[in-house]
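One file, model15.txt, is given below (compact mmCIF, C-alpha atoms and all ligand atoms).
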```txt
# COMPACT_ATOMS: atom_id res chain seq x y z
CA MET A 1 -78.21 64.64 -15.10
CA PRO A 2 -77.15 68.22 -14.45
CA GLY A 3 -73.38 68.60 -14.73
CA SER A 4 -73.02 65.68 -17.18
CA ASP A 5 -74.27 64.43 -20.54
CA ILE A 6 -75.99 61.45 -18.93
CA VAL A 7 -79.69 61.07 -19.67
CA ALA A 8 -80.78 59.19 -16.57
CA PRO A 9 -84.02 57.50 -15.54
CA ASN A 10 -85.40 58.49 -12.14
CA VAL A 11 -85.45 54.83 -11.02
CA VAL A 12 -82.05 53.14 -10.80
CA LEU A 13 -81.27 49.44 -10.28
CA GLY A 14 -78.97 48.84 -7.30
CA LEU A 15 -77.04 45.57 -7.48
CA MET A 16 -75.91 45.23 -3.86
CA ARG A 17 -77.90 42.04 -3.31
CA ILE A 18 -77.02 39.91 -6.38
CA GLN A 19 -74.02 37.96 -5.04
CA GLU A 20 -75.94 34.68 -4.65
CA LYS A 21 -78.01 35.06 -7.83
CA SER A 22 -77.47 32.76 -10.80
CA ASP A 23 -76.51 33.97 -14.27
CA ASP A 24 -80.10 33.55 -15.43
CA GLU A 25 -81.48 35.46 -12.43
CA VAL A 26 -79.09 38.38 -12.95
CA ARG A 27 -79.85 38.46 -16.68
CA GLU A 28 -83.60 38.42 -16.10
CA LEU A 29 -83.33 41.16 -13.45
CA VAL A 30 -81.31 43.46 -15.71
CA ARG A 31 -83.37 42.62 -18.83
CA THR A 32 -86.59 43.45 -16.96
CA ALA A 33 -85.09 46.73 -15.80
CA ARG A 34 -84.02 47.60 -19.36
CA ASP A 35 -87.50 46.78 -20.66
CA VAL A 36 -89.05 49.33 -18.29
CA GLY A 37 -86.50 52.04 -19.07
CA ILE A 38 -83.99 51.47 -16.27
CA ASP A 39 -80.59 51.54 -17.96
CA PHE A 40 -78.70 52.95 -14.95
CA LEU A 41 -77.01 50.49 -12.58
CA ASP A 42 -75.55 51.16 -9.14
CA HIS A 43 -72.61 49.11 -7.85
CA ALA A 44 -69.91 49.52 -5.17
CA ALA A 45 -66.54 47.95 -4.48
CA ILE A 46 -67.85 46.78 -1.11
CA TYR A 47 -70.93 44.90 -2.43
CA GLY A 48 -70.58 41.13 -2.34
CA ALA A 49 -68.94 38.40 -0.32
CA GLU A 50 -65.52 39.71 -1.37
CA TYR A 51 -64.54 43.17 -2.63
CA HIS A 52 -66.00 43.74 -6.11
CA GLY A 53 -68.02 40.52 -5.75
CA CYS A 54 -71.32 41.91 -7.07
CA GLU A 55 -69.57 43.80 -9.88
CA GLN A 56 -67.98 40.53 -10.97
CA ARG A 57 -71.22 38.54 -10.58
CA PHE A 58 -72.93 41.11 -12.83
CA ALA A 59 -70.21 40.99 -15.49
CA GLU A 60 -69.97 37.20 -15.53
CA ALA A 61 -73.71 36.83 -15.89
CA MET A 62 -74.20 39.57 -18.48
CA GLN A 63 -71.14 39.03 -20.74
CA LEU A 64 -71.82 42.45 -22.27
CA THR A 65 -70.64 43.24 -25.77
CA PRO A 66 -69.04 46.70 -26.17
CA SER A 67 -72.25 48.05 -27.72
CA GLU A 68 -74.41 46.61 -24.91
CA ARG A 69 -72.03 48.21 -22.41
CA GLU A 70 -72.40 51.57 -24.18
CA GLN A 71 -76.16 51.45 -23.69
CA LEU A 72 -75.82 51.31 -19.90
CA THR A 73 -74.87 53.91 -17.30
CA ILE A 74 -72.69 52.12 -14.77
CA GLN A 75 -72.04 53.80 -11.45
CA THR A 76 -69.79 52.39 -8.74
CA LYS A 77 -68.32 53.55 -5.43
CA CYS A 78 -65.05 53.34 -3.54
CA GLY A 79 -63.53 54.15 -0.18
CA ILE A 80 -65.00 51.69 2.36
CA ILE A 81 -62.49 49.28 3.90
CA ARG A 82 -64.41 46.30 5.20
CA GLU A 83 -61.81 44.96 7.62
CA ASP A 84 -61.63 46.85 10.94
CA PRO A 85 -63.59 48.89 9.31
CA TYR A 86 -62.60 52.37 8.16
CA PHE A 87 -62.86 54.83 5.25
CA ASP A 88 -60.07 55.68 2.83
CA HIS A 89 -60.08 58.49 0.27
CA SER A 90 -56.35 58.34 -0.36
CA TYR A 91 -55.05 58.57 -3.93
CA GLU A 92 -53.90 54.93 -3.79
CA GLU A 93 -57.23 53.59 -2.55
CA ILE A 94 -59.35 55.57 -5.04
CA VAL A 95 -57.22 54.66 -8.06
CA GLY A 96 -56.68 51.07 -6.93
CA SER A 97 -60.39 50.54 -6.29
CA VAL A 98 -61.31 51.92 -9.72
CA GLU A 99 -58.78 49.62 -11.43
CA ALA A 100 -60.28 46.64 -9.58
CA SER A 101 -63.84 47.75 -10.44
CA LEU A 102 -62.93 48.04 -14.13
CA GLU A 103 -61.52 44.55 -14.09
CA ALA A 104 -64.44 43.05 -12.17
CA LEU A 105 -67.01 44.80 -14.38
CA GLY A 106 -65.14 43.85 -17.57
CA THR A 107 -65.31 47.40 -18.89
CA ASP A 108 -62.78 50.11 -19.65
CA TYR A 109 -64.75 53.01 -18.19
CA ILE A 110 -67.06 53.86 -15.32
CA ASP A 111 -69.78 56.42 -15.99
CA ILE A 112 -69.98 57.76 -12.43
CA LEU A 113 -67.66 57.12 -9.47
CA LEU A 114 -68.96 57.99 -5.99
CA LEU A 115 -66.96 58.34 -2.78
CA HIS A 116 -69.06 55.88 -0.77
CA ARG A 117 -68.89 57.44 2.72
CA PRO A 118 -67.06 60.50 4.05
CA ASP A 119 -63.48 59.89 5.20
CA ALA A 120 -62.66 61.98 8.30
CA LEU A 121 -59.01 61.98 7.19
CA VAL A 122 -59.74 63.12 3.62
CA GLU A 123 -57.14 65.29 1.88
CA PRO A 124 -59.12 67.05 -0.87
CA ASP A 125 -56.00 67.73 -2.98
CA GLU A 126 -55.25 64.02 -2.97
CA VAL A 127 -58.80 63.21 -4.09
CA ALA A 128 -58.37 65.82 -6.83
CA ARG A 129 -55.15 64.18 -8.03
CA ALA A 130 -56.89 60.80 -8.22
CA PHE A 131 -59.96 62.24 -10.01
CA ASP A 132 -57.79 64.20 -12.50
CA GLU A 133 -55.83 61.09 -13.42
CA LEU A 134 -58.91 58.86 -13.70
CA HIS A 135 -60.73 61.46 -15.76
CA ALA A 136 -57.80 62.20 -18.07
CA SER A 137 -57.26 58.49 -18.78
CA GLY A 138 -60.96 58.08 -19.62
CA LYS A 139 -61.41 55.50 -16.87
CA VAL A 140 -64.03 57.59 -15.02
CA ARG A 141 -66.31 60.02 -16.83
CA ASN A 142 -68.14 61.67 -13.91
CA PHE A 143 -67.81 61.92 -10.14
CA GLY A 144 -70.05 62.21 -7.11
CA VAL A 145 -70.35 61.34 -3.45
CA SER A 146 -72.56 59.37 -1.12
CA ASN A 147 -73.68 60.10 2.46
CA HIS A 148 -71.90 63.48 2.40
CA THR A 149 -72.93 66.72 4.14
CA PRO A 150 -72.93 70.14 2.42
CA GLY A 151 -69.72 71.08 4.24
CA GLN A 152 -67.95 67.92 3.15
CA ILE A 153 -69.00 68.56 -0.45
CA GLU A 154 -67.83 72.19 -0.28
CA LEU A 155 -64.47 71.04 1.07
CA LEU A 156 -64.00 68.65 -1.85
CA LYS A 157 -65.23 71.19 -4.40
CA ALA A 158 -62.55 73.65 -3.32
CA SER A 159 -59.92 71.26 -4.74
CA LEU A 160 -61.74 69.39 -7.52
CA GLN A 161 -61.74 70.30 -11.21
CA GLN A 162 -64.73 68.10 -12.00
CA PRO A 163 -68.29 68.75 -10.78
CA LEU A 164 -69.83 66.43 -8.19
CA ILE A 165 -73.05 65.40 -9.91
CA ALA A 166 -74.67 63.06 -7.35
CA ASN A 167 -75.00 62.49 -3.62
CA GLN A 168 -76.47 59.13 -2.66
CA MET A 169 -78.32 59.25 0.70
CA GLN A 170 -80.76 56.99 2.55
CA LEU A 171 -84.36 58.09 1.95
CA SER A 172 -87.77 56.43 2.11
CA VAL A 173 -91.15 57.69 3.32
CA THR A 174 -90.40 56.09 6.70
CA TYR A 175 -86.75 57.23 6.78
CA ALA A 176 -86.84 60.86 5.77
CA PRO A 177 -84.69 62.98 8.12
CA MET A 178 -83.58 65.17 5.20
CA ILE A 179 -87.22 66.22 4.69
CA ALA A 180 -88.51 66.05 8.27
CA GLN A 181 -85.89 68.39 9.67
CA GLY A 182 -86.99 71.27 7.49
CA LEU A 183 -90.67 70.77 8.28
CA THR A 184 -90.20 70.82 12.07
CA ASN A 185 -87.34 73.29 12.03
CA ASN A 186 -86.89 75.14 15.34
CA MET A 187 -89.44 72.97 17.21
CA GLU A 188 -87.54 71.49 20.12
CA SER A 189 -90.51 69.33 21.13
CA LYS A 190 -90.08 67.31 17.93
CA THR A 191 -87.03 65.03 17.80
CA GLU A 192 -87.07 65.09 14.00
CA SER A 193 -86.26 68.82 14.10
CA ALA A 194 -82.61 67.86 14.76
CA SER A 195 -80.51 68.19 11.64
CA LEU A 196 -78.80 64.93 10.76
CA ASP A 197 -77.28 66.16 7.49
CA ASN A 198 -76.97 69.97 7.69
CA GLY A 199 -79.65 70.70 5.11
CA ILE A 200 -78.35 68.39 2.40
CA LEU A 201 -81.53 68.34 0.32
CA ASP A 202 -81.77 72.11 -0.20
CA TYR A 203 -78.00 72.26 -0.72
CA CYS A 204 -78.13 69.63 -3.48
CA ARG A 205 -81.05 71.40 -5.18
CA LEU A 206 -79.20 74.71 -5.11
CA HIS A 207 -76.03 73.17 -6.56
CA ASP A 208 -77.55 70.84 -9.19
CA ILE A 209 -76.40 67.71 -7.39
CA THR A 210 -78.80 64.82 -7.98
CA VAL A 211 -79.90 63.15 -4.75
CA GLN A 212 -80.01 59.38 -5.19
CA ALA A 213 -82.29 57.77 -2.59
CA TRP A 214 -80.93 54.46 -1.34
CA SER A 215 -82.96 51.82 0.53
CA PRO A 216 -86.27 53.36 -0.65
CA PHE A 217 -88.27 50.42 0.78
CA GLN A 218 -86.50 49.89 4.08
CA ALA A 219 -88.51 50.99 7.14
CA LYS A 220 -85.41 52.28 8.91
CA HIS A 221 -81.77 51.16 8.54
CA PHE A 222 -81.71 47.71 6.85
CA ASP A 223 -84.59 46.43 9.03
CA GLY A 224 -86.90 45.19 6.29
CA PRO A 225 -89.46 46.93 4.11
CA PHE A 226 -92.34 49.07 5.37
CA LEU A 227 -94.68 47.61 2.75
CA GLY A 228 -96.88 45.00 4.43
CA ASN A 229 -95.17 45.77 7.76
CA PRO A 230 -97.56 45.64 10.77
CA ARG A 231 -95.62 48.55 12.35
CA TYR A 232 -97.15 50.83 9.69
CA PRO A 233 -100.89 50.00 9.40
CA GLU A 234 -102.05 53.52 8.41
CA LEU A 235 -99.27 53.97 5.88
CA ASN A 236 -99.99 50.63 4.23
CA ALA A 237 -103.73 51.37 4.11
CA THR A 238 -103.05 54.71 2.43
CA ILE A 239 -100.57 53.18 -0.01
CA GLU A 240 -103.09 50.48 -0.93
CA SER A 241 -105.82 53.02 -1.58
CA LEU A 242 -103.48 55.17 -3.71
CA ALA A 243 -102.34 52.07 -5.61
CA ALA A 244 -106.00 51.37 -6.41
CA LYS A 245 -106.61 55.00 -7.42
CA TYR A 246 -103.61 55.15 -9.77
CA GLU A 247 -104.02 51.50 -10.89
CA VAL A 248 -100.44 50.53 -10.02
CA PRO A 249 -98.81 48.09 -7.58
CA VAL A 250 -98.03 49.32 -4.05
CA GLU A 251 -94.29 49.52 -4.82
CA ALA A 252 -95.04 52.21 -7.40
CA ILE A 253 -96.62 54.43 -4.74
CA ALA A 254 -93.56 54.06 -2.49
CA VAL A 255 -91.35 55.12 -5.42
CA ALA A 256 -93.71 57.96 -6.37
CA TRP A 257 -93.42 59.48 -2.91
CA ILE A 258 -89.74 60.14 -3.75
CA THR A 259 -90.02 60.97 -7.46
CA ARG A 260 -92.91 63.41 -6.75
CA HIS A 261 -90.51 65.60 -4.79
CA PRO A 262 -89.41 68.51 -7.02
CA ALA A 263 -85.67 67.87 -6.37
CA HIS A 264 -85.67 65.40 -9.33
CA MET A 265 -84.21 62.65 -7.19
CA GLN A 266 -83.30 59.18 -8.41
CA VAL A 267 -84.65 56.15 -6.52
CA VAL A 268 -82.03 53.41 -6.13
CA ILE A 269 -84.06 50.22 -5.77
CA GLY A 270 -82.42 47.08 -4.42
CA THR A 271 -84.96 44.38 -5.16
CA THR A 272 -83.76 41.25 -6.92
CA THR A 273 -87.31 40.32 -7.97
CA PRO A 274 -88.04 41.24 -11.61
CA ALA A 275 -91.77 41.78 -10.98
CA ARG A 276 -90.93 44.29 -8.26
CA VAL A 277 -88.61 46.15 -10.63
CA GLU A 278 -91.53 46.53 -13.04
CA ALA A 279 -93.77 47.62 -10.16
CA CYS A 280 -91.24 50.26 -9.06
CA ALA A 281 -90.86 51.66 -12.57
CA ALA A 282 -94.62 52.18 -12.72
CA GLY A 283 -94.21 54.80 -9.99
CA SER A 284 -91.74 57.04 -11.72
CA GLN A 285 -94.29 59.47 -13.18
CA ILE A 286 -97.25 59.30 -10.76
CA PRO A 287 -98.39 62.83 -9.93
CA LEU A 288 -99.26 62.38 -6.24
CA THR A 289 -101.15 65.42 -5.01
CA ARG A 290 -99.73 67.48 -2.15
CA LYS A 291 -102.51 66.11 0.05
CA GLU A 292 -101.60 62.50 -0.83
CA TRP A 293 -97.87 63.09 -0.40
CA TYR A 294 -98.29 64.66 3.04
CA GLN A 295 -100.78 61.98 4.09
CA MET A 296 -98.15 59.29 3.42
CA TYR A 297 -95.57 61.33 5.33
CA ARG A 298 -97.89 61.67 8.36
CA ASP A 299 -98.91 58.01 8.20
CA ALA A 300 -95.22 57.08 8.30
CA GLY A 301 -95.08 58.71 11.75
CA TYR A 302 -93.73 62.16 10.91
CA HIS A 303 -95.30 65.39 12.16
CA VAL A 304 -96.85 68.17 10.17
CA PRO A 305 -96.89 70.84 12.87
N1 LIG A 401 -74.70 54.62 -0.71
C1 LIG A 401 -74.94 53.81 0.31
O1 LIG A 401 -74.40 53.97 1.41
C2 LIG A 401 -75.88 52.66 0.08
C3 LIG A 401 -76.27 51.85 1.17
C4 LIG A 401 -77.15 50.80 0.91
C5 LIG A 401 -77.63 50.58 -0.38
N2 LIG A 401 -77.21 51.36 -1.39
C6 LIG A 401 -77.71 51.15 -2.78
O2 LIG A 401 -79.11 51.20 -2.74
C7 LIG A 401 -79.67 50.03 -3.32
C8 LIG A 401 -80.95 49.73 -2.66
O3 LIG A 401 -80.74 49.39 -1.29
P1 LIG A 401 -81.66 48.30 -0.57
O4 LIG A 401 -81.55 47.01 -1.29
O5 LIG A 401 -81.39 48.35 0.87
O6 LIG A 401 -83.08 48.97 -0.88
P2 LIG A 401 -84.59 48.56 -0.94
O7 LIG A 401 -85.02 48.63 -2.35
O8 LIG A 401 -85.23 49.44 0.06
O9 LIG A 401 -84.70 47.07 -0.39
C9 LIG A 401 -84.66 45.94 -1.21
C10 LIG A 401 -84.81 44.73 -0.31
O10 LIG A 401 -86.15 44.72 0.23
C11 LIG A 401 -86.76 43.48 -0.12
N3 LIG A 401 -88.21 43.67 -0.31
C12 LIG A 401 -89.16 42.97 0.36
N4 LIG A 401 -90.38 43.35 -0.02
C13 LIG A 401 -90.20 44.30 -0.97
C14 LIG A 401 -91.11 45.04 -1.76
N5 LIG A 401 -92.45 44.88 -1.66
N6 LIG A 401 -90.60 45.92 -2.63
C15 LIG A 401 -89.27 46.09 -2.76
N7 LIG A 401 -88.35 45.39 -2.04
C16 LIG A 401 -88.83 44.50 -1.16
C17 LIG A 401 -86.06 43.03 -1.39
O11 LIG A 401 -86.23 41.63 -1.52
P3 LIG A 401 -86.19 40.91 -2.95
O12 LIG A 401 -84.81 41.09 -3.48
O13 LIG A 401 -86.48 39.48 -2.58
O14 LIG A 401 -87.25 41.51 -3.81
C18 LIG A 401 -84.63 43.43 -1.08
O15 LIG A 401 -84.04 42.49 -0.18
C19 LIG A 401 -78.57 48.97 -3.19
O16 LIG A 401 -78.68 47.95 -4.16
C20 LIG A 401 -77.34 49.80 -3.40
O17 LIG A 401 -77.12 49.94 -4.78
C21 LIG A 401 -76.37 52.40 -1.18
```
Take the structure from the file and write it as structure tokens.
Amino acid sequence: MPGSDIVAPNVVLGLMRIQEKSDDEVRELVRTARDVGIDFLDHAAIYGAEYHGCEQRFAEAMQLTPSEREQLTIQTKCGIIREDPYFDHSYEEIVGSVEASLEALGTDYIDILLLHRPDALVEPDEVARAFDELHASGKVRNFGVSNHTPGQIELLKASLQQPLIANQMQLSVTYAPMIAQGLTNNMESKTESASLDNGILDYCRLHDITVQAWSPFQAKHFDGPFLGNPRYPELNATIESLAAKYEVPVEAIAVAWITRHPAHMQVVIGTTTPARVEACAAGSQIPLTRKEWYQMYRDAGYHVP
């Protein structure tokens, strides 16, 4: 990944949904991912029934030896307070959350720490103090953000010593405001011309920040997948015909729509089904043509003016 020495796959396994999975299920999920080249795992303090619940479920199931741990890239996030709720990028919360993540994960370092959602009350110098300390102690090797705008990233960068190497944002073919805005720019008749993120995709490309696409199968916000969804008949027909053409499962085509984009994004998949992990990995190198890519975009309901 630019800005780090991490060699990362473009499909990442998100572990937000493993809380109720057994040891065997977690092991099979991660083993399957490893077998298809996915050695990059995405966690967060907030995932699970309790704080750090999914991190702990992962560690208990995997019982990683130090050398097995070394072979993985483990990313986690901090800064969401579940009760009330609110966001907290204070020094105490960042450092405290990392300490708890290290304990839950049973490791002594985190490869990448992301600030999970922007905190309106952020004090960038305080974030910098936390990052400096975590970096100097070797507890966190790299830093990034999630759901941040260009302005919020610039504000942090003015205080930080370390580069921000990733920005995790929601993106699927049916939930693509970061792409749609630019294509219908200045067309007031199209609602998707409104900027929801202030041009985050171009900003990240210009600054070597890897966009990590979360919920790549969800139709909109946590409302179930678009694959096989009767709300998207044209899109599913197109995906099925492309799956036949490229001789891959339909999940691979959904992944390919994101990996085909020249921004070198990572796709953070959240399935807990090993066969679907394999199917997703099959999409990481499919060279969709421009015509195919735009067809999927139009079939998802977006306009090509
Ligand atoms: N930064 C953020 O704010 C943020 C927010 C949300 C998520 N995330 C990260 O992104 C990851 C992915 O999020 P997500 O789980 O919402 O994404 P997703 O991959 O779009 O959705 C996965 C869910 O869809 C289900 N599904 C049903 N049919 C499917 C199919 N054909 N292919 C794939 N999945 C299918 C899966 O069920 P099965 O498990 O039964 O297969 C699973 O419940 C999370 O694990 C987390 O790491 C980040």
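As for CA of Pro85 (chain A) and CA of Arg117 (chain A), they are spaced 12.0 Å apart.
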Exercise for the section: Using all atoms listed in the file, find each protein or nucleic acid residue lying at most 7 Å from ligand LIG 401 (chain A); present the set as a ChimeraX atom specification. Expected result: /A:13-17,42-43,116-117,146-147,168-170,214-218,222,224-225,227,251,268-273,276
Handout entry: Spatial neighbours of region 175-184 of chain A, max dist 8 Å, all atoms listed in the file, sep filter under 3 positions, as a count of residues only
Key = 21
Handout entry: Exercise: Ile80 (chain A) partners within 10 Å, only C-alpha atoms, chain neighbours under 2 positions left out, as a PyMOL selection string
Key = chain A and resi 44-46+51+77-78+82-83+85-89+93+97+115-119
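With only C-alpha atoms as the atoms that count, the minimum distance from Arg205 (chain A) to the choices A:Ala263, A:Ile18, A:Ala33, A:Val127 is reached by A:Ala263.
With distances taken over all atoms listed in the file, A:Cys204 is the one residue among A:Leu105, A:Ala136, A:Cys204, A:Cys54 lying closest to Gly151 (chain A).
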Practice task
For Ser137 (chain A), please output as an NGL selection string all residues within 12 Å (counting all atoms listed in the file; exclusion window: fewer than 5 positions along the same chain).
Solution key: :A and (95 or 98-99 or 108-110 or 130-132)
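For the point (-86.5, 56.0, -6.7), the residues with an atom at a distance of at most 9 Å are Asn10, Val11, Val12, Ser172, Gln212, Ala213, Trp214, Pro216, Ala254, Val255, Ala256, Trp257, Ile258, Thr259, Met265, Gln266, Val267, Val268, Ile269, Cys280, Ala281, Gly283 and Ser284 of chain A, counting all atoms listed in the file.
Minimum distance to Glu68 (chain A) across A:Val30, A:Leu235, A:Met296, A:Ala49 (counting all atoms listed in the file) occurs at A:Val30.
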For region 37-59 of chain A, supply N, CA and C atoms and format the output as a PDB file, in the frame of the given file.
```
ATOM      1  N   GLY A  37     -87.187  50.751 -18.948  1.00  0.00           N
ATOM      2  CA  GLY A  37     -86.500  52.040 -19.070  1.00  0.00           C
ATOM      3  C   GLY A  37     -85.388  52.287 -18.071  1.00  0.00           C
ATOM      4  N   ILE A  38     -85.048  51.277 -17.273  1.00  0.00           N
ATOM      5  CA  ILE A  38     -83.990  51.470 -16.270  1.00  0.00           C
ATOM      6  C   ILE A  38     -82.674  50.970 -16.866  1.00  0.00           C
ATOM      7  N   ASP A  39     -81.869  51.909 -17.341  1.00  0.00           N
ATOM      8  CA  ASP A  39     -80.590  51.540 -17.960  1.00  0.00           C
ATOM      9  C   ASP A  39     -79.409  52.048 -17.120  1.00  0.00           C
ATOM     10  N   PHE A  40     -79.683  52.349 -15.865  1.00  0.00           N
ATOM     11  CA  PHE A  40     -78.700  52.950 -14.950  1.00  0.00           C
ATOM     12  C   PHE A  40     -78.519  51.986 -13.782  1.00  0.00           C
ATOM     13  N   LEU A  41     -77.275  51.526 -13.587  1.00  0.00           N
ATOM     14  CA  LEU A  41     -77.010  50.490 -12.580  1.00  0.00           C
ATOM     15  C   LEU A  41     -76.059  51.020 -11.514  1.00  0.00           C
ATOM     16  N   ASP A  42     -76.372  50.685 -10.264  1.00  0.00           N
ATOM     17  CA  ASP A  42     -75.550  51.160  -9.140  1.00  0.00           C
ATOM     18  C   ASP A  42     -74.803  49.991  -8.502  1.00  0.00           C
ATOM     19  N   HIS A  43     -73.476  50.118  -8.474  1.00  0.00           N
ATOM     20  CA  HIS A  43     -72.610  49.110  -7.850  1.00  0.00           C
ATOM     21  C   HIS A  43     -71.788  49.786  -6.761  1.00  0.00           C
ATOM     22  N   ALA A  44     -70.943  48.976  -6.075  1.00  0.00           N
ATOM     23  CA  ALA A  44     -69.910  49.520  -5.170  1.00  0.00           C
ATOM     24  C   ALA A  44     -68.857  48.441  -4.990  1.00  0.00           C
ATOM     25  N   ALA A  45     -67.636  48.890  -4.735  1.00  0.00           N
ATOM     26  CA  ALA A  45     -66.540  47.950  -4.480  1.00  0.00           C
ATOM     27  C   ALA A  45     -66.879  47.007  -3.331  1.00  0.00           C
ATOM     28  N   ILE A  46     -67.603  47.527  -2.350  1.00  0.00           N
ATOM     29  CA  ILE A  46     -67.850  46.780  -1.110  1.00  0.00           C
ATOM     30  C   ILE A  46     -68.989  45.746  -1.255  1.00  0.00           C
ATOM     31  N   TYR A  47     -69.785  45.810  -2.326  1.00  0.00           N
ATOM     32  CA  TYR A  47     -70.930  44.900  -2.430  1.00  0.00           C
ATOM     33  C   TYR A  47     -70.471  43.499  -2.825  1.00  0.00           C
ATOM     34  N   GLY A  48     -70.907  42.522  -2.025  1.00  0.00           N
ATOM     35  CA  GLY A  48     -70.580  41.130  -2.340  1.00  0.00           C
ATOM     36  C   GLY A  48     -69.853  40.460  -1.196  1.00  0.00           C
ATOM     37  N   ALA A  49     -69.620  39.170  -1.362  1.00  0.00           N
ATOM     38  CA  ALA A  49     -68.940  38.400  -0.320  1.00  0.00           C
ATOM     39  C   ALA A  49     -67.485  38.853  -0.206  1.00  0.00           C
ATOM     40  N   GLU A  50     -66.875  39.159  -1.330  1.00  0.00           N
ATOM     41  CA  GLU A  50     -65.520  39.710  -1.370  1.00  0.00           C
ATOM     42  C   GLU A  50     -65.618  41.088  -2.016  1.00  0.00           C
ATOM     43  N   TYR A  51     -64.542  41.885  -1.916  1.00  0.00           N
ATOM     44  CA  TYR A  51     -64.540  43.170  -2.630  1.00  0.00           C
ATOM     45  C   TYR A  51     -64.859  42.920  -4.108  1.00  0.00           C
ATOM     46  N   HIS A  52     -65.664  43.780  -4.690  1.00  0.00           N
ATOM     47  CA  HIS A  52     -66.000  43.740  -6.110  1.00  0.00           C
ATOM     48  C   HIS A  52     -66.785  42.473  -6.494  1.00  0.00           C
ATOM     49  N   GLY A  53     -67.320  41.786  -5.480  1.00  0.00           N
ATOM     50  CA  GLY A  53     -68.020  40.520  -5.750  1.00  0.00           C
ATOM     51  C   GLY A  53     -69.274  40.704  -6.605  1.00  0.00           C
ATOM     52  N   CYS A  54     -70.088  41.713  -6.295  1.00  0.00           N
ATOM     53  CA  CYS A  54     -71.320  41.910  -7.070  1.00  0.00           C
ATOM     54  C   CYS A  54     -71.010  42.467  -8.461  1.00  0.00           C
ATOM     55  N   GLU A  55     -69.985  43.317  -8.559  1.00  0.00           N
ATOM     56  CA  GLU A  55     -69.570  43.800  -9.880  1.00  0.00           C
ATOM     57  C   GLU A  55     -69.196  42.606 -10.768  1.00  0.00           C
ATOM     58  N   GLN A  56     -68.432  41.695 -10.199  1.00  0.00           N
ATOM     59  CA  GLN A  56     -67.980  40.530 -10.970  1.00  0.00           C
ATOM     60  C   GLN A  56     -69.143  39.600 -11.308  1.00  0.00           C
ATOM     61  N   ARG A  57     -70.055  39.407 -10.346  1.00  0.00           N
ATOM     62  CA  ARG A  57     -71.220  38.540 -10.580  1.00  0.00           C
ATOM     63  C   ARG A  57     -72.041  39.106 -11.761  1.00  0.00           C
ATOM     64  N   PHE A  58     -72.207  40.425 -11.752  1.00  0.00           N
ATOM     65  CA  PHE A  58     -72.930  41.110 -12.830  1.00  0.00           C
ATOM     66  C   PHE A  58     -72.245  40.860 -14.179  1.00  0.00           C
ATOM     67  N   ALA A  59     -70.935  41.093 -14.212  1.00  0.00           N
ATOM     68  CA  ALA A  59     -70.210  40.990 -15.490  1.00  0.00           C
ATOM     69  C   ALA A  59     -70.200  39.560 -16.006  1.00  0.00           C
TER      70      ALA A  59
END
```
